[in-house]
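**Student:** This is upload-v8.pdb (PDB, C-alpha atoms and all ligand atoms).
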```pdb
MODEL        1
ATOM      1  CA  MET A   1     306.059 -21.804  75.773  1.00  0.00           C
ATOM      2  CA  ASP A   2     304.183 -20.473  72.770  1.00  0.00           C
ATOM      3  CA  ASN A   3     306.820 -19.482  70.281  1.00  0.00           C
ATOM      4  CA  VAL A   4     306.944 -22.217  67.661  1.00  0.00           C
ATOM      5  CA  MET A   5     310.756 -22.180  67.443  1.00  0.00           C
ATOM      6  CA  GLN A   6     310.967 -22.731  71.213  1.00  0.00           C
ATOM      7  CA  ILE A   7     308.569 -25.648  70.888  1.00  0.00           C
ATOM      8  CA  MET A   8     310.685 -27.196  68.119  1.00  0.00           C
ATOM      9  CA  GLU A   9     313.880 -26.615  70.135  1.00  0.00           C
ATOM     10  CA  ALA A  10     312.341 -28.349  73.156  1.00  0.00           C
ATOM     11  CA  ARG A  11     311.066 -31.363  71.198  1.00  0.00           C
ATOM     12  CA  HIS A  12     313.185 -34.480  71.189  1.00  0.00           C
ATOM     13  CA  SER A  13     312.191 -38.112  70.786  1.00  0.00           C
ATOM     14  CA  VAL A  14     311.281 -39.501  74.196  1.00  0.00           C
ATOM     15  CA  ARG A  15     311.202 -43.273  74.637  1.00  0.00           C
ATOM     16  CA  GLN A  16     310.673 -43.552  78.417  1.00  0.00           C
ATOM     17  CA  TYR A  17     307.437 -42.417  80.001  1.00  0.00           C
ATOM     18  CA  THR A  18     306.016 -42.030  83.513  1.00  0.00           C
ATOM     19  CA  ASP A  19     302.626 -43.515  84.414  1.00  0.00           C
ATOM     20  CA  LYS A  20     300.948 -40.094  84.562  1.00  0.00           C
ATOM     21  CA  LYS A  21     297.725 -40.293  82.575  1.00  0.00           C
ATOM     22  CA  ILE A  22     296.769 -37.942  79.783  1.00  0.00           C
ATOM     23  CA  ASP A  23     293.508 -36.475  81.042  1.00  0.00           C
ATOM     24  CA  GLY A  24     291.547 -33.292  81.754  1.00  0.00           C
ATOM     25  CA  GLU A  25     292.149 -30.257  79.590  1.00  0.00           C
ATOM     26  CA  VAL A  26     295.202 -31.743  77.851  1.00  0.00           C
ATOM     27  CA  LEU A  27     293.190 -34.751  76.722  1.00  0.00           C
ATOM     28  CA  GLY A  28     290.384 -32.490  75.483  1.00  0.00           C
ATOM     29  CA  LEU A  29     292.814 -30.378  73.455  1.00  0.00           C
ATOM     30  CA  LEU A  30     294.595 -33.424  72.049  1.00  0.00           C
ATOM     31  CA  LYS A  31     291.335 -35.032  70.926  1.00  0.00           C
ATOM     32  CA  ALA A  32     290.148 -31.747  69.419  1.00  0.00           C
ATOM     33  CA  GLU A  33     293.360 -31.420  67.403  1.00  0.00           C
ATOM     34  CA  ILE A  34     293.117 -34.997  66.109  1.00  0.00           C
ATOM     35  CA  ASP A  35     289.429 -34.514  65.216  1.00  0.00           C
ATOM     36  CA  GLN A  36     290.234 -31.338  63.356  1.00  0.00           C
ATOM     37  CA  ILE A  37     293.093 -32.941  61.430  1.00  0.00           C
ATOM     38  CA  ASN A  38     290.892 -35.909  60.483  1.00  0.00           C
ATOM     39  CA  ARG A  39     287.895 -33.787  59.525  1.00  0.00           C
ATOM     40  CA  THR A  40     289.784 -31.331  57.354  1.00  0.00           C
ATOM     41  CA  THR A  41     292.288 -33.600  55.608  1.00  0.00           C
ATOM     42  CA  GLY A  42     290.701 -37.032  55.264  1.00  0.00           C
ATOM     43  CA  VAL A  43     293.245 -38.956  57.341  1.00  0.00           C
ATOM     44  CA  ASP A  44     292.095 -41.324  60.089  1.00  0.00           C
ATOM     45  CA  PHE A  45     294.460 -40.723  63.026  1.00  0.00           C
ATOM     46  CA  GLN A  46     293.387 -42.780  66.065  1.00  0.00           C
ATOM     47  CA  LEU A  47     294.280 -42.024  69.684  1.00  0.00           C
ATOM     48  CA  ILE A  48     294.658 -45.027  71.994  1.00  0.00           C
ATOM     49  CA  LEU A  49     295.024 -44.458  75.733  1.00  0.00           C
ATOM     50  CA  ASP A  50     296.106 -46.725  78.606  1.00  0.00           C
ATOM     51  CA  GLU A  51     297.043 -49.683  76.396  1.00  0.00           C
ATOM     52  CA  PRO A  52     300.662 -50.698  77.099  1.00  0.00           C
ATOM     53  CA  GLY A  53     300.422 -54.065  75.284  1.00  0.00           C
ATOM     54  CA  ALA A  54     301.881 -53.064  71.922  1.00  0.00           C
ATOM     55  CA  PHE A  55     305.024 -51.627  73.528  1.00  0.00           C
ATOM     56  CA  SER A  56     305.823 -54.301  76.075  1.00  0.00           C
ATOM     57  CA  GLY A  57     307.562 -57.647  75.788  1.00  0.00           C
ATOM     58  CA  PHE A  58     310.163 -58.511  73.192  1.00  0.00           C
ATOM     59  CA  LEU A  59     310.460 -55.854  70.522  1.00  0.00           C
ATOM     60  CA  PRO A  60     312.797 -54.994  67.672  1.00  0.00           C
ATOM     61  CA  ARG A  61     315.740 -53.214  69.177  1.00  0.00           C
ATOM     62  CA  TYR A  62     315.575 -49.902  67.407  1.00  0.00           C
ATOM     63  CA  GLY A  63     315.128 -47.577  70.360  1.00  0.00           C
ATOM     64  CA  LYS A  64     314.506 -48.673  73.918  1.00  0.00           C
ATOM     65  CA  PHE A  65     310.919 -47.908  74.834  1.00  0.00           C
ATOM     66  CA  GLN A  66     309.607 -47.969  78.383  1.00  0.00           C
ATOM     67  CA  GLY A  67     306.253 -47.104  79.879  1.00  0.00           C
ATOM     68  CA  VAL A  68     304.525 -46.369  76.564  1.00  0.00           C
ATOM     69  CA  SER A  69     300.790 -46.760  77.140  1.00  0.00           C
ATOM     70  CA  ASN A  70     299.403 -44.073  74.839  1.00  0.00           C
ATOM     71  CA  TYR A  71     299.863 -43.799  71.123  1.00  0.00           C
ATOM     72  CA  VAL A  72     298.329 -42.423  67.951  1.00  0.00           C
ATOM     73  CA  GLY A  73     297.945 -44.713  64.954  1.00  0.00           C
ATOM     74  CA  LEU A  74     298.771 -42.628  61.887  1.00  0.00           C
ATOM     75  CA  ILE A  75     296.267 -44.204  59.512  1.00  0.00           C
ATOM     76  CA  ALA A  76     295.133 -42.812  56.172  1.00  0.00           C
ATOM     77  CA  PRO A  77     293.414 -43.933  52.972  1.00  0.00           C
ATOM     78  CA  LYS A  78     295.953 -45.229  50.464  1.00  0.00           C
ATOM     79  CA  SER A  79     296.874 -42.581  47.870  1.00  0.00           C
ATOM     80  CA  PRO A  80     299.983 -41.640  45.895  1.00  0.00           C
ATOM     81  CA  ASN A  81     301.440 -39.062  48.282  1.00  0.00           C
ATOM     82  CA  CYS A  82     299.861 -40.196  51.525  1.00  0.00           C
ATOM     83  CA  GLU A  83     303.157 -40.926  53.288  1.00  0.00           C
ATOM     84  CA  GLU A  84     304.258 -37.346  52.888  1.00  0.00           C
ATOM     85  CA  LYS A  85     300.836 -36.126  53.960  1.00  0.00           C
ATOM     86  CA  VAL A  86     300.924 -38.334  57.074  1.00  0.00           C
ATOM     87  CA  GLY A  87     304.407 -36.981  57.882  1.00  0.00           C
ATOM     88  CA  PHE A  88     303.220 -33.394  57.506  1.00  0.00           C
ATOM     89  CA  LEU A  89     300.094 -33.858  59.629  1.00  0.00           C
ATOM     90  CA  GLY A  90     301.776 -36.140  62.163  1.00  0.00           C
ATOM     91  CA  GLU A  91     304.389 -33.468  62.839  1.00  0.00           C
ATOM     92  CA  ARG A  92     301.614 -30.924  63.306  1.00  0.00           C
ATOM     93  CA  LEU A  93     300.271 -33.208  66.038  1.00  0.00           C
ATOM     94  CA  VAL A  94     303.748 -33.737  67.541  1.00  0.00           C
ATOM     95  CA  LEU A  95     304.322 -29.994  67.940  1.00  0.00           C
ATOM     96  CA  LYS A  96     300.843 -29.481  69.363  1.00  0.00           C
ATOM     97  CA  ALA A  97     301.480 -32.257  71.903  1.00  0.00           C
ATOM     98  CA  GLN A  98     304.838 -30.691  72.821  1.00  0.00           C
ATOM     99  CA  GLN A  99     303.129 -27.338  73.310  1.00  0.00           C
ATOM    100  CA  MET A 100     300.708 -28.992  75.744  1.00  0.00           C
ATOM    101  CA  GLY A 101     303.574 -30.422  77.819  1.00  0.00           C
ATOM    102  CA  LEU A 102     303.504 -33.929  76.346  1.00  0.00           C
ATOM    103  CA  ASN A 103     306.434 -35.808  74.856  1.00  0.00           C
ATOM    104  CA  THR A 104     306.391 -37.928  71.727  1.00  0.00           C
ATOM    105  CA  CYS A 105     308.350 -40.300  69.540  1.00  0.00           C
ATOM    106  CA  TRP A 106     307.673 -41.309  65.956  1.00  0.00           C
ATOM    107  CA  VAL A 107     307.772 -45.100  65.818  1.00  0.00           C
ATOM    108  CA  GLY A 108     308.141 -47.008  62.593  1.00  0.00           C
ATOM    109  CA  LEU A 109     309.247 -50.355  63.931  1.00  0.00           C
ATOM    110  CA  SER A 110     309.516 -50.753  67.675  1.00  0.00           C
ATOM    111  CA  TYR A 111     306.035 -52.048  68.495  1.00  0.00           C
ATOM    112  CA  SER A 112     304.070 -55.250  68.253  1.00  0.00           C
ATOM    113  CA  ARG A 113     301.728 -54.734  65.336  1.00  0.00           C
ATOM    114  CA  ARG A 114     299.503 -57.599  66.446  1.00  0.00           C
ATOM    115  CA  LYS A 115     298.805 -55.915  69.793  1.00  0.00           C
ATOM    116  CA  LEU A 116     297.890 -52.474  68.486  1.00  0.00           C
ATOM    117  CA  LYS A 117     294.298 -51.559  69.372  1.00  0.00           C
ATOM    118  CA  LEU A 118     293.566 -49.859  66.071  1.00  0.00           C
ATOM    119  CA  ARG A 119     290.722 -50.344  63.590  1.00  0.00           C
ATOM    120  CA  ILE A 120     292.202 -50.200  60.122  1.00  0.00           C
ATOM    121  CA  PRO A 121     289.564 -50.248  57.361  1.00  0.00           C
ATOM    122  CA  LYS A 122     290.348 -52.181  54.163  1.00  0.00           C
ATOM    123  CA  ASN A 123     291.085 -49.155  51.979  1.00  0.00           C
ATOM    124  CA  GLU A 124     293.320 -47.582  54.629  1.00  0.00           C
ATOM    125  CA  LYS A 125     296.808 -48.250  55.913  1.00  0.00           C
ATOM    126  CA  LEU A 126     298.781 -47.722  59.119  1.00  0.00           C
ATOM    127  CA  TYR A 127     301.816 -45.653  58.137  1.00  0.00           C
ATOM    128  CA  CYS A 128     303.464 -45.035  61.480  1.00  0.00           C
ATOM    129  CA  VAL A 129     302.764 -44.777  65.198  1.00  0.00           C
ATOM    130  CA  LEU A 130     303.338 -41.839  67.533  1.00  0.00           C
ATOM    131  CA  ALA A 131     304.110 -42.785  71.117  1.00  0.00           C
ATOM    132  CA  LEU A 132     303.070 -40.040  73.516  1.00  0.00           C
ATOM    133  CA  GLY A 133     302.705 -39.192  77.172  1.00  0.00           C
ATOM    134  CA  TYR A 134     304.609 -37.545  79.997  1.00  0.00           C
ATOM    135  CA  GLY A 135     308.270 -38.417  79.551  1.00  0.00           C
ATOM    136  CA  SER A 136     310.620 -39.441  82.346  1.00  0.00           C
ATOM    137  CA  THR A 137     313.134 -37.348  80.439  1.00  0.00           C
ATOM    138  CA  GLN A 138     312.824 -34.596  77.861  1.00  0.00           C
ATOM    139  CA  GLY A 139     315.201 -36.376  75.469  1.00  0.00           C
ATOM    140  CA  ILE A 140     318.348 -34.896  73.998  1.00  0.00           C
ATOM    141  CA  ARG A 141     319.107 -32.796  70.963  1.00  0.00           C
ATOM    142  CA  HIS A 142     320.042 -34.811  67.898  1.00  0.00           C
ATOM    143  CA  LYS A 143     323.268 -34.196  66.012  1.00  0.00           C
ATOM    144  CA  SER A 144     322.528 -32.359  62.798  1.00  0.00           C
ATOM    145  CA  ARG A 145     324.174 -32.270  59.425  1.00  0.00           C
ATOM    146  CA  LYS A 146     325.594 -28.853  58.552  1.00  0.00           C
ATOM    147  CA  ILE A 147     323.312 -26.347  56.833  1.00  0.00           C
ATOM    148  CA  ASP A 148     325.362 -26.454  53.618  1.00  0.00           C
ATOM    149  CA  ASP A 149     324.865 -30.215  53.385  1.00  0.00           C
ATOM    150  CA  LEU A 150     321.108 -29.619  53.433  1.00  0.00           C
ATOM    151  CA  THR A 151     320.675 -26.615  51.159  1.00  0.00           C
ATOM    152  CA  ASP A 152     322.304 -25.219  48.047  1.00  0.00           C
ATOM    153  CA  ALA A 153     320.592 -21.814  48.374  1.00  0.00           C
ATOM    154  CA  ALA A 154     322.792 -18.936  47.241  1.00  0.00           C
ATOM    155  CA  GLN A 155     324.157 -16.393  49.703  1.00  0.00           C
ATOM    156  CA  PRO A 156     322.990 -14.093  51.147  1.00  0.00           C
ATOM    157  CA  ARG A 157     320.054 -16.124  52.431  1.00  0.00           C
ATOM    158  CA  PRO A 158     316.995 -14.245  53.655  1.00  0.00           C
ATOM    159  CA  GLU A 159     316.204 -14.347  57.370  1.00  0.00           C
ATOM    160  CA  TRP A 160     312.921 -16.232  56.873  1.00  0.00           C
ATOM    161  CA  PHE A 161     314.782 -18.893  54.881  1.00  0.00           C
ATOM    162  CA  LEU A 162     317.392 -19.303  57.626  1.00  0.00           C
ATOM    163  CA  GLU A 163     314.610 -19.683  60.210  1.00  0.00           C
ATOM    164  CA  GLY A 164     312.993 -22.305  57.980  1.00  0.00           C
ATOM    165  CA  MET A 165     316.304 -24.155  57.689  1.00  0.00           C
ATOM    166  CA  LYS A 166     316.818 -24.038  61.447  1.00  0.00           C
ATOM    167  CA  ALA A 167     313.379 -25.600  61.909  1.00  0.00           C
ATOM    168  CA  ALA A 168     314.023 -28.228  59.210  1.00  0.00           C
ATOM    169  CA  MET A 169     317.275 -29.188  60.931  1.00  0.00           C
ATOM    170  CA  LEU A 170     315.425 -29.652  64.233  1.00  0.00           C
ATOM    171  CA  ALA A 171     312.899 -31.990  62.612  1.00  0.00           C
ATOM    172  CA  PRO A 172     312.791 -35.654  63.580  1.00  0.00           C
ATOM    173  CA  THR A 173     313.766 -37.994  60.737  1.00  0.00           C
ATOM    174  CA  ALA A 174     313.996 -41.785  60.720  1.00  0.00           C
ATOM    175  CA  VAL A 175     317.327 -42.876  62.252  1.00  0.00           C
ATOM    176  CA  ASN A 176     318.195 -39.156  62.209  1.00  0.00           C
ATOM    177  CA  GLN A 177     319.113 -39.541  58.548  1.00  0.00           C
ATOM    178  CA  GLN A 178     318.204 -35.988  57.430  1.00  0.00           C
ATOM    179  CA  HIS A 179     318.000 -37.128  53.824  1.00  0.00           C
ATOM    180  CA  PHE A 180     316.579 -33.955  52.342  1.00  0.00           C
ATOM    181  CA  LYS A 181     317.740 -31.017  50.273  1.00  0.00           C
ATOM    182  CA  VAL A 182     316.222 -27.537  50.289  1.00  0.00           C
ATOM    183  CA  SER A 183     316.545 -25.144  47.377  1.00  0.00           C
ATOM    184  CA  LEU A 184     315.507 -21.533  46.941  1.00  0.00           C
ATOM    185  CA  THR A 185     314.742 -19.833  43.631  1.00  0.00           C
ATOM    186  CA  ASP A 186     315.474 -16.171  42.885  1.00  0.00           C
ATOM    187  CA  ASP A 187     311.792 -15.360  43.202  1.00  0.00           C
ATOM    188  CA  GLY A 188     311.559 -16.852  46.722  1.00  0.00           C
ATOM    189  CA  ARG A 189     310.126 -20.280  45.984  1.00  0.00           C
ATOM    190  CA  VAL A 190     311.270 -23.142  48.178  1.00  0.00           C
ATOM    191  CA  ARG A 191     311.596 -26.728  47.083  1.00  0.00           C
ATOM    192  CA  ILE A 192     312.398 -29.581  49.424  1.00  0.00           C
ATOM    193  CA  VAL A 193     313.192 -33.001  48.023  1.00  0.00           C
ATOM    194  CA  SER A 194     314.087 -36.305  49.551  1.00  0.00           C
ATOM    195  CA  THR A 195     317.505 -37.746  48.841  1.00  0.00           C
ATOM    196  CA  GLY A 196     316.289 -41.267  49.560  1.00  0.00           C
ATOM    197  CA  GLY A 197     316.433 -43.808  52.353  1.00  0.00           C
ATOM    198  CA  PHE A 198     314.224 -45.509  54.866  1.00  0.00           C
ATOM    199  CA  TYR A 199     310.873 -43.723  55.561  1.00  0.00           C
ATOM    200  CA  SER A 200     312.097 -40.834  53.439  1.00  0.00           C
ATOM    201  CA  LYS A 201     308.664 -39.784  52.136  1.00  0.00           C
ATOM    202  CA  MET A 202     307.318 -39.500  55.671  1.00  0.00           C
ATOM    203  CA  ASP A 203     310.460 -37.597  56.670  1.00  0.00           C
ATOM    204  CA  LEU A 204     309.877 -35.213  53.772  1.00  0.00           C
ATOM    205  CA  GLY A 205     306.396 -34.308  55.059  1.00  0.00           C
ATOM    206  CA  ILE A 206     307.789 -33.809  58.578  1.00  0.00           C
ATOM    207  CA  VAL A 207     310.581 -31.554  57.323  1.00  0.00           C
ATOM    208  CA  LYS A 208     308.206 -29.516  55.148  1.00  0.00           C
ATOM    209  CA  TYR A 209     305.904 -28.909  58.116  1.00  0.00           C
ATOM    210  CA  GLN A 210     308.785 -27.790  60.311  1.00  0.00           C
ATOM    211  CA  PHE A 211     310.245 -25.569  57.555  1.00  0.00           C
ATOM    212  CA  GLU A 212     306.911 -23.784  57.102  1.00  0.00           C
ATOM    213  CA  GLN A 213     306.519 -23.249  60.813  1.00  0.00           C
ATOM    214  CA  GLY A 214     310.035 -21.861  61.121  1.00  0.00           C
ATOM    215  CA  ALA A 215     309.794 -19.631  58.051  1.00  0.00           C
ATOM    216  CA  GLY A 216     306.429 -18.347  59.234  1.00  0.00           C
ATOM    217  CA  LYS A 217     304.666 -18.780  55.909  1.00  0.00           C
ATOM    218  CA  ASP A 218     302.981 -21.417  53.790  1.00  0.00           C
ATOM    219  CA  PHE A 219     304.483 -22.734  50.578  1.00  0.00           C
ATOM    220  CA  PRO A 220     302.364 -23.991  47.695  1.00  0.00           C
ATOM    221  CA  GLY A 221     302.414 -27.754  47.433  1.00  0.00           C
ATOM    222  CA  PHE A 222     303.810 -28.373  50.924  1.00  0.00           C
ATOM    223  CA  THR A 223     300.605 -29.655  52.473  1.00  0.00           C
ATOM    224  CA  ALA A 224     300.530 -32.647  50.120  1.00  0.00           C
ATOM    225  CA  GLY A 225     296.760 -32.603  49.760  1.00  0.00           C
TER     226      GLY A 225
HETATM  227  C1  LIG B 301     309.353 -41.838  60.339  1.00  0.00           C
HETATM  228  C2  LIG B 301     310.123 -42.064  61.625  1.00  0.00           C
HETATM  229  C3  LIG B 301     310.210 -43.342  62.186  1.00  0.00           C
HETATM  230  C4  LIG B 301     310.888 -43.540  63.381  1.00  0.00           C
HETATM  231  N1  LIG B 301     310.913 -44.802  63.926  1.00  0.00           N
HETATM  232  C5  LIG B 301     311.536 -44.994  65.115  1.00  0.00           C
HETATM  233  C6  LIG B 301     311.535 -46.283  65.722  1.00  0.00           C
HETATM  234  O1  LIG B 301     310.969 -47.255  65.192  1.00  0.00           O
HETATM  235  N2  LIG B 301     312.155 -46.440  66.926  1.00  0.00           N
HETATM  236  C7  LIG B 301     312.781 -45.388  67.537  1.00  0.00           C
HETATM  237  O2  LIG B 301     313.322 -45.575  68.626  1.00  0.00           O
HETATM  238  N3  LIG B 301     312.804 -44.143  66.993  1.00  0.00           N
HETATM  239  C8  LIG B 301     312.197 -43.928  65.804  1.00  0.00           C
HETATM  240  N4  LIG B 301     312.196 -42.666  65.236  1.00  0.00           N
HETATM  241  C9  LIG B 301     312.817 -41.521  65.943  1.00  0.00           C
HETATM  242  C10 LIG B 301     314.145 -41.061  65.321  1.00  0.00           C
HETATM  243  O3  LIG B 301     315.160 -41.975  65.653  1.00  0.00           O
HETATM  244  C11 LIG B 301     314.460 -39.632  65.822  1.00  0.00           C
HETATM  245  O4  LIG B 301     313.464 -38.751  65.392  1.00  0.00           O
HETATM  246  C12 LIG B 301     315.820 -39.131  65.335  1.00  0.00           C
HETATM  247  O5  LIG B 301     316.870 -39.898  65.882  1.00  0.00           O
HETATM  248  C13 LIG B 301     316.039 -37.661  65.679  1.00  0.00           C
HETATM  249  O6  LIG B 301     315.975 -37.447  67.065  1.00  0.00           O
HETATM  250  P1  LIG B 301     314.928 -36.458  67.704  1.00  0.00           P
HETATM  251  O7  LIG B 301     313.540 -36.892  67.309  1.00  0.00           O
HETATM  252  O8  LIG B 301     315.168 -36.584  69.188  1.00  0.00           O
HETATM  253  O9  LIG B 301     315.198 -35.081  67.200  1.00  0.00           O
HETATM  254  C14 LIG B 301     311.531 -42.446  64.028  1.00  0.00           C
HETATM  255  C15 LIG B 301     311.453 -41.162  63.458  1.00  0.00           C
HETATM  256  C16 LIG B 301     310.760 -40.969  62.265  1.00  0.00           C
HETATM  257  C17 LIG B 301     310.672 -39.585  61.717  1.00  0.00           C
ENDMDL
END
```
What would the structure in this file look like if it were written as structure tokens?
Ligand SMILES: Cc1cc2nc3c(=O)[nH]c(=O)nc-3n(C[C@H](O)[C@H](O)[C@H](O)COP(=O)(O)O)c2cc1C

**Tutor:**
Amino acid sequence: MDNVMQIMEARHSVRQYTDKKIDGEVLGLLKAEIDQINRTTGVDFQLILDEPGAFSGFLPRYGKFQGVSNYVGLIAPKSPNCEEKVGFLGERLVLKAQQMGLNTCWVGLSYSRRKLKLRIPKNEKLYCVLALGYGSTQGIRHKSRKIDDLTDAAQPRPEWFLEGMKAAMLAPTAVNQQHFKVSLTDDGRVRIVSTGGFYSKMDLGIVKYQFEQGAGKDFPGFTAG
């Protein structure tokens, strides 16, 4: 499964995991991807394996998690657009994990913060957590808003733009809110803005990453640093 659209189509939030460990080649590739992201962008993503504590016991009831023993702490130095940057880079990691046969779920709330095994330096902040592992299910496709609720681009829309929109609509967003709007200028520039809500800056980074992957090209300003 190497085509990026197939990977995005196959990705759904998975909240129940088997006890199969992440090891061998998959672990090597996962660590290499995290190292590369950290080295080239200045974030401080941390992979924690075989530590179920933060996801067991009584937890806020947004999502029903089971068997989560691996997670990535999405940590970064505080800066003006770091939430968007963390969203963008976190989604890069999500799609890489999916490509390697792992499942994931972005988690803003459903963990015990006190039990996380992360080292968060003073000038840095934990923005979100990614649960990951081998799912007991592959999840299900989320309901999406209609394309015309999410873009005001004039017709006819170029093929690359439609592929970008398809990818953006497949993106995970907090509580599946899809609070974003995509516009297209006559000279082919794309702008994606948040229309507000809970975790909307992180969502914006996630959606921008997926749009770029779907459209098959980079857009200036999307990487958020
Ligand atoms: C920033 C962010 C935070 C999220 N936090 C949680 C969470 O705390 N608990 C949970 O069960 N799901 C959480 N989710 C997962 C969303 O509910 C999920 O992505 C959305 O419903 C779309 O479904 P899909 O990922 O299967 O496409 C979060 C997603 C994002 C992007």

**Student:** List the residues matched by the PyMOL selection byres (((chain A and resi 166) around 9) and not hetatm) in the displayed structure as a list in words, ordered by chain and then by residue number.

**Tutor:**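 That selection, the PyMOL selection byres (((chain A and resi 166) around 9) and not hetatm), comes back as Met5, Ile147, Phe161, Leu162, Glu163, Gly164, Met165, Ala167, Ala168, Met169, Leu170, Ala171, Gln210, Phe211, Gly214 and Ala215 of chain A.
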
**Student:** Can you give me, as an NGL selection string, the residues this file yields under the PyMOL selection byres (((chain A and resi 116-118) around 8) and not hetatm)?

**Tutor:** :A and (46 or 48 or 51 or 53-54 or 73 or 112-115 or 119-120)

**Student:** To test your reading of the syntax: which residues would the PyMOL selection byres (((chain A and resi 91) around 10) and not hetatm) return for the file shown? Reply as a PDB file with C-alpha atoms, in the coordinates of the input.

**Tutor:**
```
ATOM      1  CA  LYS A  85     300.836 -36.126  53.960  1.00  0.00           C
ATOM      2  CA  VAL A  86     300.924 -38.334  57.074  1.00  0.00           C
ATOM      3  CA  GLY A  87     304.407 -36.981  57.882  1.00  0.00           C
ATOM      4  CA  PHE A  88     303.220 -33.394  57.506  1.00  0.00           C
ATOM      5  CA  LEU A  89     300.094 -33.858  59.629  1.00  0.00           C
ATOM      6  CA  GLY A  90     301.776 -36.140  62.163  1.00  0.00           C
ATOM      7  CA  ARG A  92     301.614 -30.924  63.306  1.00  0.00           C
ATOM      8  CA  LEU A  93     300.271 -33.208  66.038  1.00  0.00           C
ATOM      9  CA  VAL A  94     303.748 -33.737  67.541  1.00  0.00           C
ATOM     10  CA  LEU A  95     304.322 -29.994  67.940  1.00  0.00           C
ATOM     11  CA  LYS A  96     300.843 -29.481  69.363  1.00  0.00           C
ATOM     12  CA  ALA A  97     301.480 -32.257  71.903  1.00  0.00           C
ATOM     13  CA  TRP A 106     307.673 -41.309  65.956  1.00  0.00           C
ATOM     14  CA  LEU A 130     303.338 -41.839  67.533  1.00  0.00           C
ATOM     15  CA  ALA A 171     312.899 -31.990  62.612  1.00  0.00           C
ATOM     16  CA  PRO A 172     312.791 -35.654  63.580  1.00  0.00           C
ATOM     17  CA  MET A 202     307.318 -39.500  55.671  1.00  0.00           C
ATOM     18  CA  ASP A 203     310.460 -37.597  56.670  1.00  0.00           C
ATOM     19  CA  GLY A 205     306.396 -34.308  55.059  1.00  0.00           C
ATOM     20  CA  ILE A 206     307.789 -33.809  58.578  1.00  0.00           C
ATOM     21  CA  VAL A 207     310.581 -31.554  57.323  1.00  0.00           C
ATOM     22  CA  LYS A 208     308.206 -29.516  55.148  1.00  0.00           C
ATOM     23  CA  TYR A 209     305.904 -28.909  58.116  1.00  0.00           C
ATOM     24  CA  GLN A 210     308.785 -27.790  60.311  1.00  0.00           C
TER      25      GLN A 210
END
```

**Student:** With only C-alpha atoms as the basis for distance, which of A:Asn123, A:Pro52, A:Trp160, A:Ile192 is at the shortest distance from Gln213 (chain A)?

**Tutor:**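 Using only C-alpha atoms, Gln213 (chain A) sits closest to A:Trp160.
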
**Student:** Pick out the residues no farther than 7 Å from ligand LIG 301 (chain B), counting only C-alpha atoms and all ligand atoms, and list them as a ChimeraX atom specification.

**Tutor:** /A:11-15,62-64,105-110,128,139-142,170-176,199,202-203

**Student:** What does the distance from CA of Arg157 (chain A) to CA of Asp186 (chain A) come to in Å, to one decimal?

**Tutor:** 10.6 Å

**Student:** Which residue is closest to Gly133 (chain A)? Choose from A:Ile75, A:Leu30, A:Ala153, A:Ile22 and count all atoms listed in the file.

**Tutor:**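 Residue with the minimum atom-to-atom distance to Gly133 (chain A): A:Ile22.
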
**Student:** Taking into account all atoms listed in the file, which residue in the set A:Val4, A:Phe219, A:Leu150, A:Val26 is nearest to Thr195 (chain A)?

**Tutor:** A:Leu150

**Student:** Looking at A:Asp149, A:Asp35, A:Asp50, A:Glu83, which one is nearest to His179 (chain A), with distances taken over all atoms listed in the file?

**Tutor:** A:Asp149

**Student:** Any idea what's packed within 9 Å of Val190 (chain A), counting only C-alpha atoms, ignoring anything in its chain fewer than 3 positions away? Could you give it as a PyMOL selection string?

**Tutor:** chain A and resi 161+182-185+219-220

**Student:** How many Å separate CA of Ile37 (chain A) from CA of Asn70 (chain A)?

**Tutor:**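 These two atoms are separated by 18.5 Å.
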
**Student:** Quote the spacing between CA of Gln99 (chain A) and CA of Leu126 (chain A) in Å to one decimal place.

**Tutor:** 25.2 Å

**Student:** Could you give me the centre and size, in Å to one decimal, of an axis-aligned box around all listed atoms of region 168-171 of chain A with 6 Å added on every side, as AutoDock Vina command-line options?

**Tutor:**
```
--center_x 315.1 --center_y -30.1 --center_z 61.7 --size_x 16.4 --size_y 15.8 --size_z 17.0
```

**Student:** Under the rule that all atoms listed in the file are counted, which of A:Gly196, A:Asp152, A:Tyr127, A:Leu47 is the nearest residue to Lys31 (chain A)?

**Tutor:**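 Distance minimum relative to Lys31 (chain A) lands on A:Leu47.
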
**Student:** Nearest to Met100 (chain A) among A:Val68, A:Leu27, A:Met8, A:Val193, with distances taken over only C-alpha atoms: which residue is it?

**Tutor:**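 Looking only at the distances to Met100 (chain A), the closest residue turns out to be A:Leu27.
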